[in-house]
Every structure is written in structure tokens, then in C-alpha cells.
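Below is one structure, written out as C-alpha cells; the observations come after it.
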Amino acid sequence: MARPNYRDRLRSRYTTAAEERIEKAQAAAAELGHIEPVPWEDIRAVYTRPERAPWESYKAAAREATHHAFAVVFLLGMAGMFLLALIMGNMKQQAADEARKAAPAGATPVVKEILTRKEEMGILAICGGFLFLTFVNSAYGNVSTRRKRLAEGYLRDGEQVVTEALAALPALAGVASAPVGRKRAEALTDVHTKISSLMTAVTASTEMAAGITGYAGDRPRLKEHGQKVRTAFADRLSGLVEDREGTARQLGGMVLTVAGRHARASYGTLLDAGDLPVEPGPEVADLRGVRKVLGGAAVAALVVLAVAMYSGADLAASVGLSLGVFVVAAFIGAVFTGRLHEVARAFSLFNRHGGGPSGGAV
């Protein structure tokens, strides 16, 4: 069904949502008493969509959705082949063991075929149909997610640091003026949540060179700067329970500095050297999403283990199969949720310290 001017209306909603976010941040900065100049026009430019013909926009969206769907289908196909090979190998081993037990002494055991040609073709047709439906669903889901984020005023990954910074400012203004009681406690919780999201966005951005393709600079130095920025925020957050209003204003200034400099692509100087600690502090993994990914993989592995044991497989084969399922499910879940980097970092910290990651998200 055709929807006239849908693209223009969607872009207008994106611009309106982004402008509302900026206006709330400006009001919060004024409420916090911030008097230093803020590059609001540079921040606004982060949300300025490039002008291009409708056909070019459709091609870009279709290309992104197709690449995403192909990646999903490829991962599912590889995982399916891996699991099918494990299951078929287990079934063949069981059939060979049964044939040896049933064969008379001295006779050559005759192993029956596990699947007929017709059954194999049926399995291939079912798998092919499943992968095709997955491709269509993934492509449509990618387009739908893109539309939703566009309507909410957030689309590109490069906007995340600025967006989280702008979202933190009203929370800081709220905690500075919150009355005594439950509202103040809720305001403190909201501030910690918003600043934590900003800290995670900063470290993720600096670790990935802010999305700069082919970045040839000093990646460890940029990553260290992101860790120092995170540590600076964490140190300052502690002051909220000592000097709530003064700390909220200081945090507001830091948030505005990060937003402005990130908007100007000054990724290596998000805060001044004097505001940063000498040491970057311990590397911290954001385990909130990682727990969900690994929890889902563990459930899948337990289900496979139960089915394998119920089907009569020996313990060693069942455990090996379930471990393989856990690894594959964790990898696919991390890719689907965009947390592959976080899962890899959590595992690296676990290996480095031996007893688990050095800490969770603040």
C-alpha cells in the first residue's frame, strides 16, 4: 500500500525528536547554571540527515537490510550444519555400535542407513525454507528497526555518545532539585543509570575508533583515553552522596564537554587532561547484555544435553554436543544483539584475571 510523502514525514519526525532532545538538554543546562559556551549548532549537526534522492535512500536501506539478513542466514546455516553434523555423527556411531552387537561372531556388521534419499531431500527442503523465511524476516526486521529509530530521533551508531550525553542532562537537573524522600532516591538512581549508559557509549566508541573506517592511528591510546573518561565520571559520581547539587553541576559540565567535543569529532580529547585521572583504571566490562546472551546459550545447551541423554547417547558425547551448542548459540546471540565485542571483552577479562571479569557496569 503506497504511503505518499512517507519518507518526508519520517525524516520530519526524526528531526523533531532530535530537536526536542536538544531543547530538553538546553533547559537542563540552564537549570544547572552552566554558563560556559556550548556548541549547540555542532551538536545539532550530528542529527542532520544528508540530502539525497529517495531512490538513493531506498537503495541504502535495502543494501543494509540485505547485508544484515545475509549475515543472519549465514550464521544460522553454519550453526545448523555444525549441529547437524554432530547429531548425524552421533546417530551413525550408535547405529554402528548396534550393528556390531547384533552381528554374529566373526561376521561383518551391516550398518543400516540412517536416512533415506527422500528423507534427506525433505530435510534439505525444510532447512532451505526456514533459511529463506529467516532472510525475509531479518531484512524486514532491520528495515522496521531503522524506521522506529529514525522516528525516535536516533539512527546512526555515531550518535550514541551525543544522545546519551543529552539524555543525562535532564536527569542531572532533576537530581539537583529533587525534594527529600523517595523522589530524590529515584532521581539518584536515574542519574547513575544515565551516566552509566554514557560511560559505556564512550568506552565502546573509543575502542572502535568512533567508527572511523580504516583508522590507522594509535588505537590503544584512544582506548586508554576512553577508559580515563569513564574513570573520571565514576570518580565524580561518588560525590553525589556527599555534595549532591555541586556534583550534579560538575557532572553537567563534563557531560556537555563530552557531547560538544564528540560532535566535533575530537574523540581523543573528550575531556581536558586536567579533568582526567593519571591512570585509566581497571577495564570494566558491561555485563548487563552479556548475561542475557550467555544465559540464553546456556538454556539451549541444557535442552540439547537433556535431549541427547534421553535419546540414549553416552555422557561424553552429550556433554561435547551441549558445549558446542553453547559456543555457537553464544556467538549467534552476540551477533544478533550487537554484543559480540562485549562478549569477547568479558571472556578476555575472565582469562586475564582467572576468577572472572574485573567488574560490571557502574
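Labels for the C-alpha cells follow display order: chains A, B, ..., residues from 1 in each chain, ligands from 1.
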>> Residues within 12 Å of Leu84 (chain A), please, as number ranges by chain. Count only C-alpha atoms; anything in the same chain fewer than 3 positions from it doesn't count.
In response: A: 76-81, 87-92, 120, 123-124, 127, 321, 324-325
>> For Val38 (chain A), find every residue with an atom within 9 Å (counting only C-alpha atoms), except residues of its own chain fewer than 3 positions away, and show them as JSON, numbers by chain.
In response: {"A": [35, 41, 42, 43, 256, 257, 260]}
Print the selection's residues with all heavy atoms to a file, as a PDB file, in the first residue's frame.
```pdb
ATOM      1  N   ILE A  35      27.249  28.190  32.481  1.00  0.00           N
ATOM      2  CA  ILE A  35      27.411  29.468  31.780  1.00  0.00           C
ATOM      3  C   ILE A  35      28.480  29.408  30.694  1.00  0.00           C
ATOM      4  O   ILE A  35      28.633  30.352  29.929  1.00  0.00           O
ATOM      5  CB  ILE A  35      27.748  30.588  32.772  1.00  0.00           C
ATOM      6  CG1 ILE A  35      29.038  30.251  33.544  1.00  0.00           C
ATOM      7  CG2 ILE A  35      26.579  30.821  33.724  1.00  0.00           C
ATOM      8  CD1 ILE A  35      29.494  31.361  34.473  1.00  0.00           C
ATOM      9  N   GLU A  41      25.046  24.211  17.930  1.00  0.00           N
ATOM     10  CA  GLU A  41      24.881  24.016  16.487  1.00  0.00           C
ATOM     11  C   GLU A  41      25.675  22.807  16.000  1.00  0.00           C
ATOM     12  O   GLU A  41      25.231  22.072  15.115  1.00  0.00           O
ATOM     13  CB  GLU A  41      25.313  25.276  15.725  1.00  0.00           C
ATOM     14  CG  GLU A  41      24.379  26.461  15.930  1.00  0.00           C
ATOM     15  CD  GLU A  41      22.943  26.118  15.570  1.00  0.00           C
ATOM     16  OE1 GLU A  41      22.727  25.467  14.530  1.00  0.00           O
ATOM     17  OE2 GLU A  41      22.036  26.477  16.348  1.00  0.00           O
ATOM     18  N   ASP A  42      26.855  22.593  16.599  1.00  0.00           N
ATOM     19  CA  ASP A  42      27.628  21.393  16.238  1.00  0.00           C
ATOM     20  C   ASP A  42      26.916  20.132  16.701  1.00  0.00           C
ATOM     21  O   ASP A  42      26.912  19.118  16.001  1.00  0.00           O
ATOM     22  CB  ASP A  42      29.025  21.461  16.868  1.00  0.00           C
ATOM     23  CG  ASP A  42      29.858  22.605  16.310  1.00  0.00           C
ATOM     24  OD1 ASP A  42      29.583  23.028  15.172  1.00  0.00           O
ATOM     25  OD2 ASP A  42      30.763  23.091  17.014  1.00  0.00           O
ATOM     26  N   ILE A  43      26.329  20.207  17.887  1.00  0.00           N
ATOM     27  CA  ILE A  43      25.567  19.061  18.385  1.00  0.00           C
ATOM     28  C   ILE A  43      24.347  18.812  17.505  1.00  0.00           C
ATOM     29  O   ILE A  43      24.025  17.663  17.171  1.00  0.00           O
ATOM     30  CB  ILE A  43      25.145  19.301  19.846  1.00  0.00           C
ATOM     31  CG1 ILE A  43      26.386  19.316  20.744  1.00  0.00           C
ATOM     32  CG2 ILE A  43      24.145  18.261  20.310  1.00  0.00           C
ATOM     33  CD1 ILE A  43      26.107  19.679  22.190  1.00  0.00           C
ATOM     34  N   LEU A 256      28.391  18.041  29.017  1.00  0.00           N
ATOM     35  CA  LEU A 256      28.323  18.980  27.899  1.00  0.00           C
ATOM     36  C   LEU A 256      29.642  19.031  27.136  1.00  0.00           C
ATOM     37  O   LEU A 256      29.658  19.143  25.902  1.00  0.00           O
ATOM     38  CB  LEU A 256      27.948  20.368  28.412  1.00  0.00           C
ATOM     39  CG  LEU A 256      26.479  20.545  28.817  1.00  0.00           C
ATOM     40  CD1 LEU A 256      26.297  21.841  29.588  1.00  0.00           C
ATOM     41  CD2 LEU A 256      25.584  20.521  27.585  1.00  0.00           C
ATOM     42  N   THR A 257      30.754  18.954  27.846  1.00  0.00           N
ATOM     43  CA  THR A 257      32.060  18.950  27.181  1.00  0.00           C
ATOM     44  C   THR A 257      32.209  17.727  26.293  1.00  0.00           C
ATOM     45  O   THR A 257      32.653  17.819  25.142  1.00  0.00           O
ATOM     46  CB  THR A 257      33.197  18.971  28.231  1.00  0.00           C
ATOM     47  OG1 THR A 257      33.069  20.151  29.026  1.00  0.00           O
ATOM     48  CG2 THR A 257      34.551  18.966  27.549  1.00  0.00           C
ATOM     49  N   GLY A 260      29.886  18.070  23.170  1.00  0.00           N
ATOM     50  CA  GLY A 260      30.383  19.028  22.184  1.00  0.00           C
ATOM     51  C   GLY A 260      31.610  18.532  21.455  1.00  0.00           C
ATOM     52  O   GLY A 260      31.711  18.671  20.226  1.00  0.00           O
TER      53      GLY A 260
END
```
